[in-house]
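Structure data follow from coords.txt (compact mmCIF, C-alpha atoms):
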```txt
# COMPACT_ATOMS: atom_id res chain seq x y z
CA MET U 1 -11.64 5.46 1.55
CA SER U 2 -12.09 5.07 5.30
CA ASP U 3 -12.19 8.13 7.54
CA ARG U 4 -8.60 9.22 8.25
CA SER U 5 -9.41 12.13 10.54
CA SER U 6 -8.09 10.13 13.47
CA THR U 7 -5.82 7.12 13.19
CA SER U 8 -4.66 6.91 16.80
CA GLU U 9 -7.02 4.00 17.50
CA ARG U 10 -6.31 2.23 14.21
CA HIS U 11 -3.71 -0.29 13.16
CA LEU U 12 -1.71 0.29 10.00
CA VAL U 13 -1.07 -2.64 7.65
CA ILE U 14 1.98 -1.99 5.47
CA GLY U 15 1.61 -3.88 2.19
CA ALA U 16 -1.39 -4.91 0.09
CA GLY U 17 0.02 -8.20 -1.16
CA PRO U 18 -1.42 -11.64 -0.32
CA ILE U 19 -0.36 -11.42 3.34
CA GLY U 20 -1.42 -7.81 3.89
CA LEU U 21 -4.84 -8.52 2.39
CA ALA U 22 -5.28 -11.61 4.56
CA MET U 23 -4.38 -9.60 7.66
CA GLY U 24 -6.77 -6.83 6.65
CA ALA U 25 -9.61 -9.33 6.24
CA ALA U 26 -8.82 -10.92 9.62
CA LEU U 27 -8.68 -7.56 11.40
CA LYS U 28 -12.01 -6.64 9.84
CA ARG U 29 -13.61 -9.88 11.04
CA ARG U 30 -12.37 -9.12 14.56
CA GLY U 31 -13.71 -5.56 14.46
CA ILE U 32 -10.24 -4.01 14.71
CA PRO U 33 -10.02 -0.63 12.87
CA PHE U 34 -7.23 -0.52 10.32
CA ASP U 35 -5.78 1.13 7.24
CA ILE U 36 -3.73 -0.52 4.49
CA VAL U 37 -1.05 1.34 2.56
CA ASP U 38 1.03 0.11 -0.35
CA VAL U 39 3.75 1.68 -2.47
CA GLY U 40 2.17 0.16 -5.59
CA SER U 41 -0.75 1.36 -7.65
CA GLY U 42 -3.14 -1.36 -6.44
CA VAL U 43 -3.45 -4.62 -4.52
CA GLY U 44 -1.38 -7.67 -5.37
CA GLY U 45 2.10 -6.86 -4.09
CA ASN U 46 4.68 -8.87 -6.00
CA TRP U 47 2.04 -10.13 -8.43
CA LEU U 48 1.33 -6.53 -9.45
CA HIS U 49 4.79 -5.04 -9.82
CA GLY U 50 7.40 -7.63 -8.96
CA VAL U 51 7.25 -10.54 -11.42
CA TYR U 52 7.67 -11.10 -15.13
CA ARG U 53 4.26 -11.45 -16.78
CA SER U 54 4.98 -14.98 -18.07
CA ALA U 55 5.44 -16.25 -14.49
CA HIS U 56 3.20 -18.94 -13.01
CA ILE U 57 2.92 -20.05 -9.41
CA VAL U 58 4.94 -23.15 -8.57
CA SER U 59 2.61 -24.40 -5.85
CA SER U 60 -0.80 -25.52 -7.08
CA ARG U 61 -4.00 -23.50 -7.19
CA LYS U 62 -5.41 -25.48 -4.26
CA ALA U 63 -2.23 -25.06 -2.21
CA THR U 64 -2.09 -21.31 -2.87
CA GLU U 65 -5.69 -20.12 -2.58
CA TYR U 66 -7.01 -18.68 0.68
CA ALA U 67 -8.70 -21.43 2.67
CA ASP U 68 -11.92 -19.38 2.86
CA TYR U 69 -11.84 -18.01 -0.70
CA PRO U 70 -11.20 -20.65 -3.40
CA MET U 71 -9.87 -19.71 -6.80
CA PRO U 72 -12.23 -20.11 -9.77
CA GLU U 73 -12.53 -23.69 -10.98
CA TYR U 74 -11.61 -22.63 -14.52
CA PHE U 75 -8.15 -21.53 -13.33
CA PRO U 76 -5.42 -24.00 -14.31
CA ASP U 77 -3.50 -26.03 -11.74
CA PHE U 78 -0.73 -23.41 -11.87
CA PRO U 79 -2.27 -19.96 -12.45
CA SER U 80 -0.36 -17.19 -14.20
CA ALA U 81 0.76 -13.88 -12.72
CA ASP U 82 -2.22 -12.11 -14.29
CA GLN U 83 -4.63 -14.70 -12.89
CA MET U 84 -3.10 -14.36 -9.44
CA LEU U 85 -3.49 -10.59 -9.64
CA ALA U 86 -7.13 -10.93 -10.70
CA TYR U 87 -7.75 -13.36 -7.83
CA LEU U 88 -6.23 -11.08 -5.20
CA THR U 89 -8.15 -8.09 -6.57
CA ALA U 90 -11.40 -10.07 -6.38
CA PHE U 91 -10.58 -11.08 -2.80
CA ALA U 92 -9.99 -7.47 -1.79
CA GLU U 93 -13.28 -6.41 -3.39
CA ASP U 94 -15.27 -9.30 -1.90
CA ARG U 95 -13.92 -8.71 1.61
CA GLY U 96 -14.52 -4.96 1.42
CA LEU U 97 -10.86 -4.07 1.82
CA LEU U 98 -10.49 -1.47 -0.93
CA PRO U 99 -12.11 1.34 1.12
CA HIS U 100 -9.37 0.74 3.71
CA CYS U 101 -6.56 0.88 1.13
CA GLU U 102 -4.39 3.77 0.04
CA PHE U 103 -2.02 3.21 -2.88
CA ASN U 104 1.13 4.94 -4.11
CA LYS U 105 1.83 5.56 -0.44
CA LYS U 106 5.36 4.77 0.65
CA VAL U 107 6.26 4.48 4.34
CA SER U 108 9.48 6.27 5.23
CA SER U 109 9.69 5.65 8.97
CA VAL U 110 7.86 3.92 11.79
CA VAL U 111 8.92 5.06 15.26
CA SER U 112 7.53 4.26 18.68
CA GLU U 113 5.87 7.36 20.09
CA ASP U 114 5.18 5.95 23.56
CA ALA U 115 4.21 2.63 25.10
CA SER U 116 1.00 2.44 23.09
CA HIS U 117 1.35 4.43 19.84
CA TRP U 118 3.53 4.60 16.74
CA THR U 119 4.40 7.59 14.57
CA VAL U 120 4.34 6.75 10.86
CA THR U 121 5.91 9.13 8.35
CA PHE U 122 5.28 8.76 4.63
CA ALA U 123 7.46 9.72 1.69
CA ASP U 124 5.10 12.57 0.81
CA GLY U 125 5.78 14.15 4.20
CA GLU U 126 2.51 13.18 5.88
CA THR U 127 2.71 11.94 9.47
CA ARG U 128 0.12 9.85 11.28
CA THR U 129 -0.16 8.25 14.70
CA TYR U 130 -1.30 4.63 14.89
CA LYS U 131 -2.10 2.31 17.75
CA GLY U 132 -0.17 -0.51 16.12
CA VAL U 133 1.65 -1.42 12.91
CA VAL U 134 1.38 -4.73 11.05
CA VAL U 135 4.36 -5.05 8.71
CA CYS U 136 3.56 -7.11 5.60
CA ASN U 137 6.10 -5.62 3.21
CA GLY U 138 7.04 -8.97 1.67
CA HIS U 139 10.38 -10.57 1.01
CA HIS U 140 10.86 -10.22 -2.77
CA TRP U 141 11.97 -6.62 -3.18
CA ASP U 142 15.33 -5.89 -1.47
CA LYS U 143 17.60 -7.24 -4.21
CA ARG U 144 20.68 -9.29 -3.40
CA TYR U 145 23.46 -9.20 -5.99
CA PRO U 146 26.36 -11.66 -6.29
CA GLU U 147 29.79 -10.58 -5.16
CA LEU U 148 31.97 -10.87 -8.25
CA ARG U 149 35.75 -10.80 -8.11
CA GLY U 150 36.85 -8.51 -10.91
CA THR U 151 34.88 -6.15 -13.13
CA PHE U 152 32.15 -7.26 -15.53
CA THR U 153 31.73 -4.80 -18.40
CA GLY U 154 28.51 -6.24 -19.77
CA GLU U 155 25.02 -5.69 -18.40
CA ILE U 156 23.95 -7.03 -15.00
CA LEU U 157 20.22 -7.46 -14.44
CA HIS U 158 18.59 -8.66 -11.23
CA SER U 159 15.81 -11.20 -11.69
CA LYS U 160 13.44 -8.72 -10.03
CA ASP U 161 13.89 -6.43 -13.05
CA TYR U 162 13.27 -9.12 -15.68
CA ARG U 163 10.02 -8.57 -17.58
CA ASP U 164 10.05 -10.40 -20.92
CA VAL U 165 12.22 -12.14 -23.50
CA SER U 166 13.08 -8.89 -25.28
CA GLN U 167 15.71 -8.37 -22.59
CA VAL U 168 17.62 -11.51 -23.61
CA GLU U 169 17.04 -11.66 -27.36
CA GLY U 170 20.27 -12.03 -29.31
CA LYS U 171 22.46 -11.90 -26.20
CA ARG U 172 24.95 -14.28 -24.65
CA VAL U 173 23.40 -14.75 -21.23
CA LEU U 174 24.70 -16.11 -17.94
CA VAL U 175 22.13 -16.77 -15.21
CA ILE U 176 23.49 -16.95 -11.66
CA GLY U 177 21.26 -18.97 -9.34
CA GLY U 178 19.02 -21.97 -9.91
CA GLY U 179 15.83 -21.20 -8.00
CA ASN U 180 12.43 -20.95 -9.65
CA SER U 181 13.05 -17.49 -11.14
CA GLY U 182 16.54 -18.38 -12.34
CA VAL U 183 15.23 -21.50 -14.04
CA ASP U 184 12.49 -19.58 -15.87
CA MET U 185 14.92 -16.93 -17.08
CA ALA U 186 17.52 -19.49 -18.17
CA CYS U 187 14.86 -21.31 -20.21
CA ASP U 188 13.77 -18.03 -21.81
CA ALA U 189 17.36 -17.09 -22.63
CA GLY U 190 18.02 -20.58 -23.95
CA ARG U 191 15.17 -20.20 -26.44
CA PHE U 192 15.44 -16.54 -27.40
CA GLY U 193 19.00 -15.52 -26.56
CA LYS U 194 22.11 -16.18 -28.63
CA SER U 195 23.25 -18.59 -25.91
CA CYS U 196 22.61 -19.29 -22.24
CA ASP U 197 24.70 -20.73 -19.42
CA ILE U 198 23.71 -21.08 -15.79
CA SER U 199 26.06 -20.90 -12.81
CA LEU U 200 25.15 -22.77 -9.64
CA LYS U 201 27.21 -22.35 -6.49
CA SER U 202 25.88 -25.64 -5.12
CA GLY U 203 23.33 -28.29 -5.95
CA TYR U 204 19.58 -27.65 -5.87
CA TRP U 205 16.69 -29.96 -5.21
CA TYR U 206 14.54 -29.90 -8.34
CA LEU U 207 11.12 -31.42 -7.75
CA PRO U 208 8.60 -32.23 -10.49
CA LYS U 209 5.55 -29.96 -10.50
CA THR U 210 3.28 -32.95 -10.99
CA PHE U 211 3.32 -36.60 -9.98
CA LEU U 212 0.92 -39.26 -11.26
CA GLY U 213 -1.16 -36.59 -12.93
CA ARG U 214 -1.58 -34.41 -9.83
CA PRO U 215 0.28 -31.27 -8.74
CA LEU U 216 2.98 -32.37 -6.35
CA THR U 217 1.77 -29.92 -3.70
CA ASP U 218 -1.64 -31.68 -3.79
CA VAL U 219 -0.25 -35.17 -3.22
CA PRO U 220 -1.28 -36.16 0.35
CA ILE U 221 2.17 -36.34 1.90
CA TRP U 222 2.55 -32.87 3.41
CA GLY U 223 0.99 -33.73 6.75
CA LEU U 224 3.48 -36.52 7.36
CA PRO U 225 6.56 -36.13 9.58
CA ILE U 226 9.37 -34.32 7.83
CA PHE U 227 11.61 -37.40 7.53
CA MET U 228 8.82 -39.25 5.72
CA GLN U 229 8.20 -36.30 3.38
CA ARG U 230 11.88 -36.26 2.51
CA ALA U 231 12.00 -40.02 1.91
CA ILE U 232 8.94 -39.96 -0.37
CA LEU U 233 10.14 -36.95 -2.33
CA ARG U 234 13.61 -38.45 -2.80
CA THR U 235 11.94 -41.55 -4.21
CA ILE U 236 9.81 -39.44 -6.55
CA VAL U 237 12.94 -37.60 -7.74
CA LYS U 238 14.76 -40.89 -8.29
CA LEU U 239 11.91 -42.35 -10.34
CA SER U 240 10.96 -39.28 -12.38
CA ILE U 241 14.25 -37.38 -12.74
CA GLY U 242 17.17 -39.57 -11.72
CA ASP U 243 20.61 -38.44 -10.65
CA TYR U 244 21.05 -34.70 -11.14
CA ARG U 245 24.65 -35.33 -12.20
CA ARG U 246 23.37 -36.89 -15.41
CA TYR U 247 22.28 -33.40 -16.39
CA GLY U 248 25.65 -31.86 -15.58
CA LEU U 249 24.38 -30.52 -12.26
CA GLN U 250 25.81 -30.95 -8.80
CA ARG U 251 24.19 -33.17 -6.22
CA PRO U 252 22.53 -31.14 -3.44
CA ASN U 253 24.79 -30.87 -0.39
CA HIS U 254 21.87 -30.19 1.94
CA LYS U 255 18.70 -31.96 3.01
CA LEU U 256 15.40 -31.24 1.34
CA PHE U 257 13.78 -28.13 2.85
CA ASP U 258 16.98 -26.91 4.50
CA ARG U 259 16.73 -24.51 1.56
CA HIS U 260 13.75 -23.79 -0.64
CA PRO U 261 13.53 -26.43 -3.42
CA ALA U 262 12.75 -25.50 -7.01
CA PHE U 263 9.55 -26.90 -8.48
CA GLY U 264 9.67 -27.92 -12.12
CA THR U 265 11.95 -29.76 -14.52
CA ASP U 266 12.07 -27.20 -17.34
CA LEU U 267 15.77 -26.53 -16.69
CA LEU U 268 16.59 -30.21 -16.96
CA GLY U 269 14.79 -30.38 -20.30
CA ALA U 270 16.58 -27.27 -21.56
CA ILE U 271 19.93 -28.82 -20.63
CA ARG U 272 19.03 -32.01 -22.52
CA LEU U 273 18.04 -29.92 -25.56
CA GLY U 274 21.38 -28.10 -25.45
CA ARG U 275 19.75 -24.74 -24.88
CA VAL U 276 21.30 -24.20 -21.44
CA LYS U 277 24.78 -25.20 -20.31
CA PRO U 278 25.43 -25.61 -16.56
CA HIS U 279 28.54 -24.34 -14.82
CA PRO U 280 29.73 -24.36 -11.19
CA ALA U 281 30.34 -21.20 -9.15
CA ILE U 282 32.16 -18.18 -10.57
CA ASP U 283 35.81 -17.70 -9.69
CA HIS U 284 36.37 -14.26 -11.24
CA VAL U 285 35.34 -11.98 -14.09
CA ASP U 286 37.39 -9.87 -16.50
CA GLY U 287 35.52 -7.64 -18.92
CA LYS U 288 32.88 -9.87 -20.48
CA THR U 289 34.78 -13.08 -19.74
CA VAL U 290 33.73 -15.17 -16.75
CA THR U 291 35.99 -17.87 -15.31
CA PHE U 292 34.38 -20.60 -13.24
CA VAL U 293 35.94 -22.52 -10.34
CA ASP U 294 36.51 -25.59 -12.55
CA GLY U 295 38.67 -23.50 -14.92
CA SER U 296 36.11 -23.26 -17.72
CA THR U 297 35.30 -19.84 -19.19
CA GLY U 298 32.53 -18.09 -21.07
CA THR U 299 31.91 -14.74 -22.70
CA TYR U 300 28.62 -12.99 -21.96
CA ASP U 301 26.75 -9.82 -22.79
CA LEU U 302 24.28 -10.11 -19.92
CA ILE U 303 24.37 -11.56 -16.43
CA ILE U 304 21.02 -12.21 -14.77
CA ALA U 305 21.41 -12.31 -11.00
CA ALA U 306 18.74 -14.70 -9.73
CA THR U 307 20.40 -14.52 -6.34
CA GLY U 308 17.44 -13.76 -4.13
CA PHE U 309 16.59 -10.99 -1.72
CA TYR U 310 17.40 -9.65 1.71
CA THR U 311 14.75 -9.52 4.38
CA SER U 312 14.74 -5.93 5.57
CA PHE U 313 12.58 -3.23 7.10
CA PRO U 314 14.18 0.09 6.09
CA PHE U 315 11.43 2.17 7.67
CA LEU U 316 12.10 0.75 11.15
CA PRO U 317 14.91 2.07 13.40
CA ASP U 318 18.18 0.19 12.93
CA GLY U 319 18.44 -2.80 15.23
CA LEU U 320 14.84 -2.69 16.39
CA ILE U 321 14.05 -5.98 14.63
CA LYS U 322 16.94 -8.42 14.42
CA VAL U 323 17.39 -10.48 11.26
CA LYS U 324 19.83 -13.39 11.39
CA ASP U 325 20.68 -15.14 8.10
CA ASN U 326 17.46 -13.75 6.61
CA VAL U 327 15.46 -15.18 9.52
CA VAL U 328 13.49 -12.56 11.46
CA GLN U 329 13.98 -12.97 15.20
CA VAL U 330 10.38 -12.85 16.40
CA TYR U 331 8.29 -15.20 18.49
CA GLY U 332 5.26 -16.98 17.14
CA GLY U 333 6.23 -15.90 13.64
CA ALA U 334 5.33 -12.24 14.17
CA PHE U 335 5.89 -10.90 17.70
CA PRO U 336 9.17 -9.21 18.72
CA ALA U 337 10.05 -9.39 22.39
CA GLY U 338 9.88 -6.12 24.29
CA ILE U 339 7.94 -4.20 21.62
CA ARG U 340 4.26 -3.44 21.97
CA GLY U 341 2.05 -2.88 18.94
CA LEU U 342 4.51 -3.95 16.22
CA TYR U 343 3.89 -7.17 14.30
CA ILE U 344 6.12 -8.61 11.54
CA VAL U 345 3.98 -10.87 9.34
CA GLY U 346 4.74 -12.74 6.13
CA TRP U 347 8.54 -12.79 6.23
CA ALA U 348 8.60 -16.62 6.29
CA GLN U 349 7.72 -18.88 3.38
CA ALA U 350 5.48 -21.93 3.40
CA ARG U 351 7.16 -24.90 1.78
CA ASN U 352 4.25 -25.79 -0.50
CA GLY U 353 2.00 -22.76 -0.86
CA PHE U 354 0.70 -20.12 1.54
CA GLY U 355 -3.00 -20.80 1.06
CA ARG U 356 -3.53 -23.53 3.64
CA LEU U 357 -1.66 -21.51 6.22
CA ILE U 358 -2.31 -17.79 5.91
CA THR U 359 -6.07 -17.78 6.51
CA PRO U 360 -5.98 -19.52 9.91
CA LEU U 361 -2.72 -17.79 10.83
CA SER U 362 -4.01 -14.29 10.08
CA ASP U 363 -7.11 -15.02 12.15
CA LEU U 364 -4.93 -16.10 15.09
CA TYR U 365 -2.76 -13.01 14.74
CA ALA U 366 -5.81 -10.74 14.66
CA ARG U 367 -7.08 -12.40 17.84
CA LEU U 368 -3.72 -11.82 19.52
CA ILE U 369 -3.62 -8.19 18.36
CA ALA U 370 -7.07 -7.67 19.91
CA MET U 371 -5.87 -9.38 23.10
CA GLN U 372 -2.87 -7.03 23.44
CA ASP U 373 -5.18 -4.37 24.92
CA GLU U 374 -5.88 -6.69 27.86
CA LEU U 375 -2.21 -7.36 28.61
CA GLU U 376 0.38 -5.43 30.60
CA PHE U 377 3.32 -6.81 28.61
CA PRO U 378 3.98 -7.09 24.85
CA ILE U 379 2.85 -10.41 23.41
CA GLY U 380 6.39 -11.16 22.23
CA THR U 381 7.70 -10.71 25.77
CA LEU U 382 5.13 -13.15 27.13
CA MET U 383 6.08 -15.68 24.45
CA GLU U 384 9.76 -15.18 25.21
CA GLN U 385 9.07 -16.25 28.80
CA SER U 386 7.39 -19.48 27.65
CA PHE U 387 9.48 -22.64 27.53
CA THR U 388 7.48 -23.77 24.46
CA GLN U 389 8.49 -20.77 22.30
CA ARG U 390 11.82 -20.46 20.52
CA LEU U 391 13.22 -18.02 18.02
CA PRO U 392 13.05 -19.40 14.46
CA THR U 393 16.13 -20.82 12.76
CA THR U 394 14.76 -20.99 9.20
CA HIS U 395 12.49 -18.94 6.96
CA LEU U 396 10.80 -22.11 5.65
CA VAL U 397 7.76 -23.36 7.55
CA ASP U 398 5.84 -26.62 7.36
CA PRO U 399 2.24 -25.55 6.60
CA GLU U 400 0.50 -28.63 8.00
CA LYS U 401 2.56 -28.66 11.19
CA THR U 402 1.92 -24.95 11.64
CA ARG U 403 -1.82 -25.45 11.10
CA ARG U 404 -1.85 -27.96 13.94
CA GLU U 405 0.01 -25.50 16.15
CA ILE U 406 -2.49 -22.76 15.26
CA ARG U 407 -5.44 -24.92 16.32
CA LEU U 408 -3.68 -25.67 19.60
CA ALA U 409 -2.79 -21.99 20.11
CA HIS U 410 -6.45 -20.96 20.16
CA TRP U 411 -6.98 -23.28 23.12
CA VAL U 412 -3.96 -22.11 25.11
CA LEU U 413 -4.29 -18.36 24.53
CA PRO U 414 -5.79 -17.89 28.03
CA LEU U 415 -2.41 -18.99 29.39
CA LEU U 416 -0.91 -15.78 27.97
CA LYS U 417 -3.22 -13.77 30.20
CA LEU U 418 -2.23 -15.91 33.17
CA ARG U 419 1.47 -15.41 32.44
CA ASP U 420 0.87 -11.68 32.01
CA ARG U 421 -0.72 -11.42 35.47
CA ARG U 422 2.12 -13.42 37.03
CA MET U 423 4.78 -11.22 35.45
CA ALA U 424 2.91 -8.08 36.50
CA ARG U 425 2.80 -9.31 40.10
CA LYS U 426 6.48 -10.19 39.93
CA GLU U 427 7.31 -6.71 38.64
CA ALA U 428 5.25 -5.06 41.35
CA PHE U 429 6.99 -7.16 44.00
CA ALA U 430 10.42 -6.29 42.55
CA ALA U 431 9.51 -2.60 42.53
CA GLU U 432 8.53 -2.76 46.19
CA LYS U 433 11.90 -4.34 47.02
CA GLY U 434 13.78 -1.79 44.94
CA ARG U 435 14.90 -4.32 42.35
CA ILE U 436 15.16 -3.79 38.64
CA PRO U 437 11.74 -4.36 37.02
CA VAL U 438 11.24 -7.10 34.48
CA ARG U 439 9.02 -5.02 32.19
CA ALA U 440 10.48 -4.81 28.69
```
Represent the structure contained in this file as structure tokens.
Amino acid sequence: MSDRSSTSERHLVIGAGPIGLAMGAALKRRGIPFDIVDVGSGVGGNWLHGVYRSAHIVSSRKATEYADYPMPEYFPDFPSADQMLAYLTAFAEDRGLLPHCEFNKKVSSVVSEDASHWTVTFADGETRTYKGVVVCNGHHWDKRYPELRGTFTGEILHSKDYRDVSQVEGKRVLVIGGGNSGVDMACDAGRFGKSCDISLKSGYWYLPKTFLGRPLTDVPIWGLPIFMQRAILRTIVKLSIGDYRRYGLQRPNHKLFDRHPAFGTDLLGAIRLGRVKPHPAIDHVDGKTVTFVDGSTGTYDLIIAATGFYTSFPFLPDGLIKVKDNVVQVYGGAFPAGIRGLYIVGWAQARNGFGRLITPLSDLYARLIAMQDELEFPIGTLMEQSFTQRLPTTHLVDPEKTRREIRLAHWVLPLLKLRDRRMARKEAFAAEKGRIPVRA
């Protein structure tokens, strides 16, 4: 355990999942003092306490591993939850992060103390002062439930709370949502439950996990322009899967990557085997009877809500960080305008695995955090004033495109210092003239 007698010159990393660990390693490389806290009992984040133990990653081992810390060669192409947890634990040990970590430590509030410090209060009543806070609390914990018209008298279980097949054995199950988790749970219920239906509000893009004997995320198409990626993947779907309507599913009404696609064809196989029956959206419920928008009905003992999560930061003051349609309104992926020393990292999702992206990105962020001491204005404010920076409109990022932008960013970082000096001079001039200052 690192010395906690004084934290006022440290940064606090909230979360010891894959992103929090990567940020801790990057801060350590840059010589930036830090602590890591996590509400769980150890490192791993969602892989420790948030997934069913039969889960496997949907992006490949090579697409998921840290760029500077490869997974063991004996791991399969798609490691299990337990293997992911072992990998992240080994990374934390190898990088010397465990002495910086404190577990079973929940953050209750993070409030700006002054222009350069933050007051952090924990659930156990302890209060500390930190120089900065790096928020890596993940995006798979604040459960979103479906809004059902009527009253369902059976059991409703969020996918976050699903652990094993004992929860579906002998039950008539309805799964709402067709993402990766929903597919896994529908397949489990189709095999071990009394029956299983799945309700999809709209069509999904289902992509095969492998193509020509290779994991799809390892096929060398991901550095191509987005329109070419879409064209190639549509062709792969046409050749290997065919028209989704042949499986009783709806055609997607959106372009690939406008929403997160689902990797794997297990659901399609379960439908062909008669284990899972697809339905459209729900119209209303009455007792244990569910009526769908096409007029069909079903009777269920259990509804599994695989309906995703909200992106939220309950320990931050209301309105401090704006979230629009689950997209966090920060510049450069992490930096809110007008706020010094607060960094929101890991809220976005890489389209084909975080591994190729998070190592170089965390190093860039650590460099920017170190640079903040040399700047008059918050980094997010400086980015806001740049014509090249825009607020994000989606939570999905293109890893290869972002990697190119990261390499370029290292070269243009000196321009931030130049912009900072210009804005400081402008503020000083405005102050002399009695105008309103531009400082955020």
If you count only C-alpha atoms, which residues fall within 8 Å of Leu375 in chain U, apart from same-chain ones fewer than 4 positions away, as a list of chain:residue names?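 Near Leu375 in chain U, the qualifying residues are U:Met371, U:Ile379, U:Lys417, U:Asp420.
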May I ask for the distance between CA of Ile304 in chain U and CA of Trp141 in chain U, given in Å to one decimal place?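 The value is 15.7 Å.
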Pairwise distance for CA of Val397 in chain U and CA of Ala334 in chain U, rounded to one decimal in Å: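 Computed distance, CA of Val397 in chain U to CA of Ala334 in chain U, equals 13.2 Å.
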Might you pull out every residue within 7 Å of range 277-291 of chain U, with all atoms listed in the file counted and same-chain residues fewer than 2 positions away left off, and present them as a VMD selection string? chain U and resid 148 to 154 196 to 201 248 to 249 271 274 to 275 293 295 to 301
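Straight-line separation from CA of Val120 in chain U to CA of Leu391 in chain U: 27.3 Å.
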Between U:Val133, U:Ser181, U:Val111, U:Leu239, which is the closest to His56 in chain U once you count only C-alpha atoms? U:Ser181
Which residues are close to Asp188 in chain U, i.e. within 10 Å by only C-alpha atoms, leaving aside same-chain residues fewer than 5 positions away? Reply as a CSV table (one decimal) with C-alpha atoms, keeping the file's coordinate frame.
```csv
chain,number,residue,atom,x,y,z
U,164,ASP,CA,10.0,-10.4,-20.9
U,165,VAL,CA,12.2,-12.1,-23.5
U,166,SER,CA,13.1,-8.9,-25.3
U,167,GLN,CA,15.7,-8.4,-22.6
U,168,VAL,CA,17.6,-11.5,-23.6
U,169,GLU,CA,17.0,-11.7,-27.4
U,182,GLY,CA,16.5,-18.4,-12.3
U,183,VAL,CA,15.2,-21.5,-14.0
U,193,GLY,CA,19.0,-15.5,-26.6
U,196,CYS,CA,22.6,-19.3,-22.2
U,270,ALA,CA,16.6,-27.3,-21.6
U,275,ARG,CA,19.8,-24.7,-24.9
U,276,VAL,CA,21.3,-24.2,-21.4
```
Find the residues around Asp38 in chain U up to 7 Å (only C-alpha atoms counted), leave out those fewer than 2 positions away in its own chain, and share them as a PDB file with C-alpha atoms, in the coordinates of the input.
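Contents of part.pdb, freshly written:
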```
ATOM      1  CA  ILE U  14       1.980  -1.990   5.470  1.00  0.00           C
ATOM      2  CA  GLY U  15       1.610  -3.880   2.190  1.00  0.00           C
ATOM      3  CA  ALA U  16      -1.390  -4.910   0.090  1.00  0.00           C
ATOM      4  CA  ILE U  36      -3.730  -0.520   4.490  1.00  0.00           C
ATOM      5  CA  GLY U  40       2.170   0.160  -5.590  1.00  0.00           C
ATOM      6  CA  GLU U 102      -4.390   3.770   0.040  1.00  0.00           C
ATOM      7  CA  PHE U 103      -2.020   3.210  -2.880  1.00  0.00           C
ATOM      8  CA  ASN U 104       1.130   4.940  -4.110  1.00  0.00           C
ATOM      9  CA  LYS U 105       1.830   5.560  -0.440  1.00  0.00           C
ATOM     10  CA  LYS U 106       5.360   4.770   0.650  1.00  0.00           C
TER      11      LYS U 106
END
```
Between U:Val37, U:Glu65, U:Gly264, U:Pro18, which residue has the minimum interatomic distance to Ser108 in chain U, considering all atoms listed in the file?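 Smallest separation from Ser108 in chain U among the options: U:Val37.
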Of the listed residues U:Ser54, U:Gly242, U:Val107, U:Gly190, that which approaches Arg128 in chain U most closely, counting all atoms listed in the file: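 Using all atoms listed in the file, the shortest distance to Arg128 in chain U belongs to U:Val107.
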With a distance cut-off of 12 Å and all atoms listed in the file, select the neighbouring residues of Gly319 in chain U, excluding the residue or stretch itself and same-chain residues fewer than 4 positions from it, and output the selection as a list in words.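 Listing them by chain and then by number gives Ser312, Phe313, Pro314, Phe315, Val323, Lys324, Val328, Gln329 and Pro336 of chain U.
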Set out as CSV a contact list for range 204-311 of chain U and range 342-349 of chain U with a cut-off of 12 Å, giving each residue of range 204-311 of chain U that qualifies its closest atom pair and distance in Å to one decimal, counting all atoms listed in the file, ordered by chain and rising residue number.
```
residue,atom,partner,partner_atom,distance
U:Phe257,CA,U:Gln349,CA,11.1
U:Arg259,CA,U:Gln349,CA,10.8
U:His260,CA,U:Gln349,CA,8.8
U:Pro261,CA,U:Gln349,CA,11.7
U:Phe309,CA,U:Trp347,CA,11.5
U:Tyr310,CA,U:Trp347,CA,10.4
U:Thr311,CA,U:Trp347,CA,7.3
```
With range 66-89 of chain U as the partner and 10 Å as the cut-off, tabulate the residues of range 123-217 of chain U that qualify, each row holding the nearest pair of atoms and their distance in Å to one decimal, using all atoms listed in the file, sorted by chain and rising number, as a tab-separated table.
```
residue	atom	partner	partner_atom	distance
U:Lys209	CA	U:Phe78	CA	9.2
U:Thr210	CA	U:Asp77	CA	9.7
U:Arg214	CA	U:Asp77	CA	8.8
U:Pro215	CA	U:Asp77	CA	7.1
```
Nearest to Leu98 in chain U: which of U:Ala115, U:Arg53, U:Gly44, U:Arg340 is it, counting only C-alpha atoms? U:Gly44
From the list U:Gly179, U:Pro99, U:Pro220, U:Pro414, which residue is nearest Ala262 in chain U when using all atoms listed in the file?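 Nearest to Ala262 in chain U: U:Gly179.
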Nearby residues, (-9.4, -11.7, 17.1) file frame, 10 Å, all atoms listed in the file, as a ChimeraX atom specification: /U:26-32,362-371
How would the residues just picked look written out with C-alpha atoms as a short mmCIF file (atom, residue, chain, number, x, y, z; two decimals), in the frame of the given file?
```cif
data_model
loop_
_atom_site.label_atom_id
_atom_site.label_comp_id
_atom_site.auth_asym_id
_atom_site.auth_seq_id
_atom_site.Cartn_x
_atom_site.Cartn_y
_atom_site.Cartn_z
CA ALA U 26 -8.82 -10.92 9.62
CA LEU U 27 -8.68 -7.56 11.40
CA LYS U 28 -12.01 -6.64 9.84
CA ARG U 29 -13.61 -9.88 11.04
CA ARG U 30 -12.37 -9.12 14.56
CA GLY U 31 -13.71 -5.56 14.46
CA ILE U 32 -10.24 -4.01 14.71
CA SER U 362 -4.01 -14.29 10.08
CA ASP U 363 -7.11 -15.02 12.15
CA LEU U 364 -4.93 -16.10 15.09
CA TYR U 365 -2.76 -13.01 14.74
CA ALA U 366 -5.81 -10.74 14.66
CA ARG U 367 -7.08 -12.40 17.84
CA LEU U 368 -3.72 -11.82 19.52
CA ILE U 369 -3.62 -8.19 18.36
CA ALA U 370 -7.07 -7.67 19.91
CA MET U 371 -5.87 -9.38 23.10
#
```
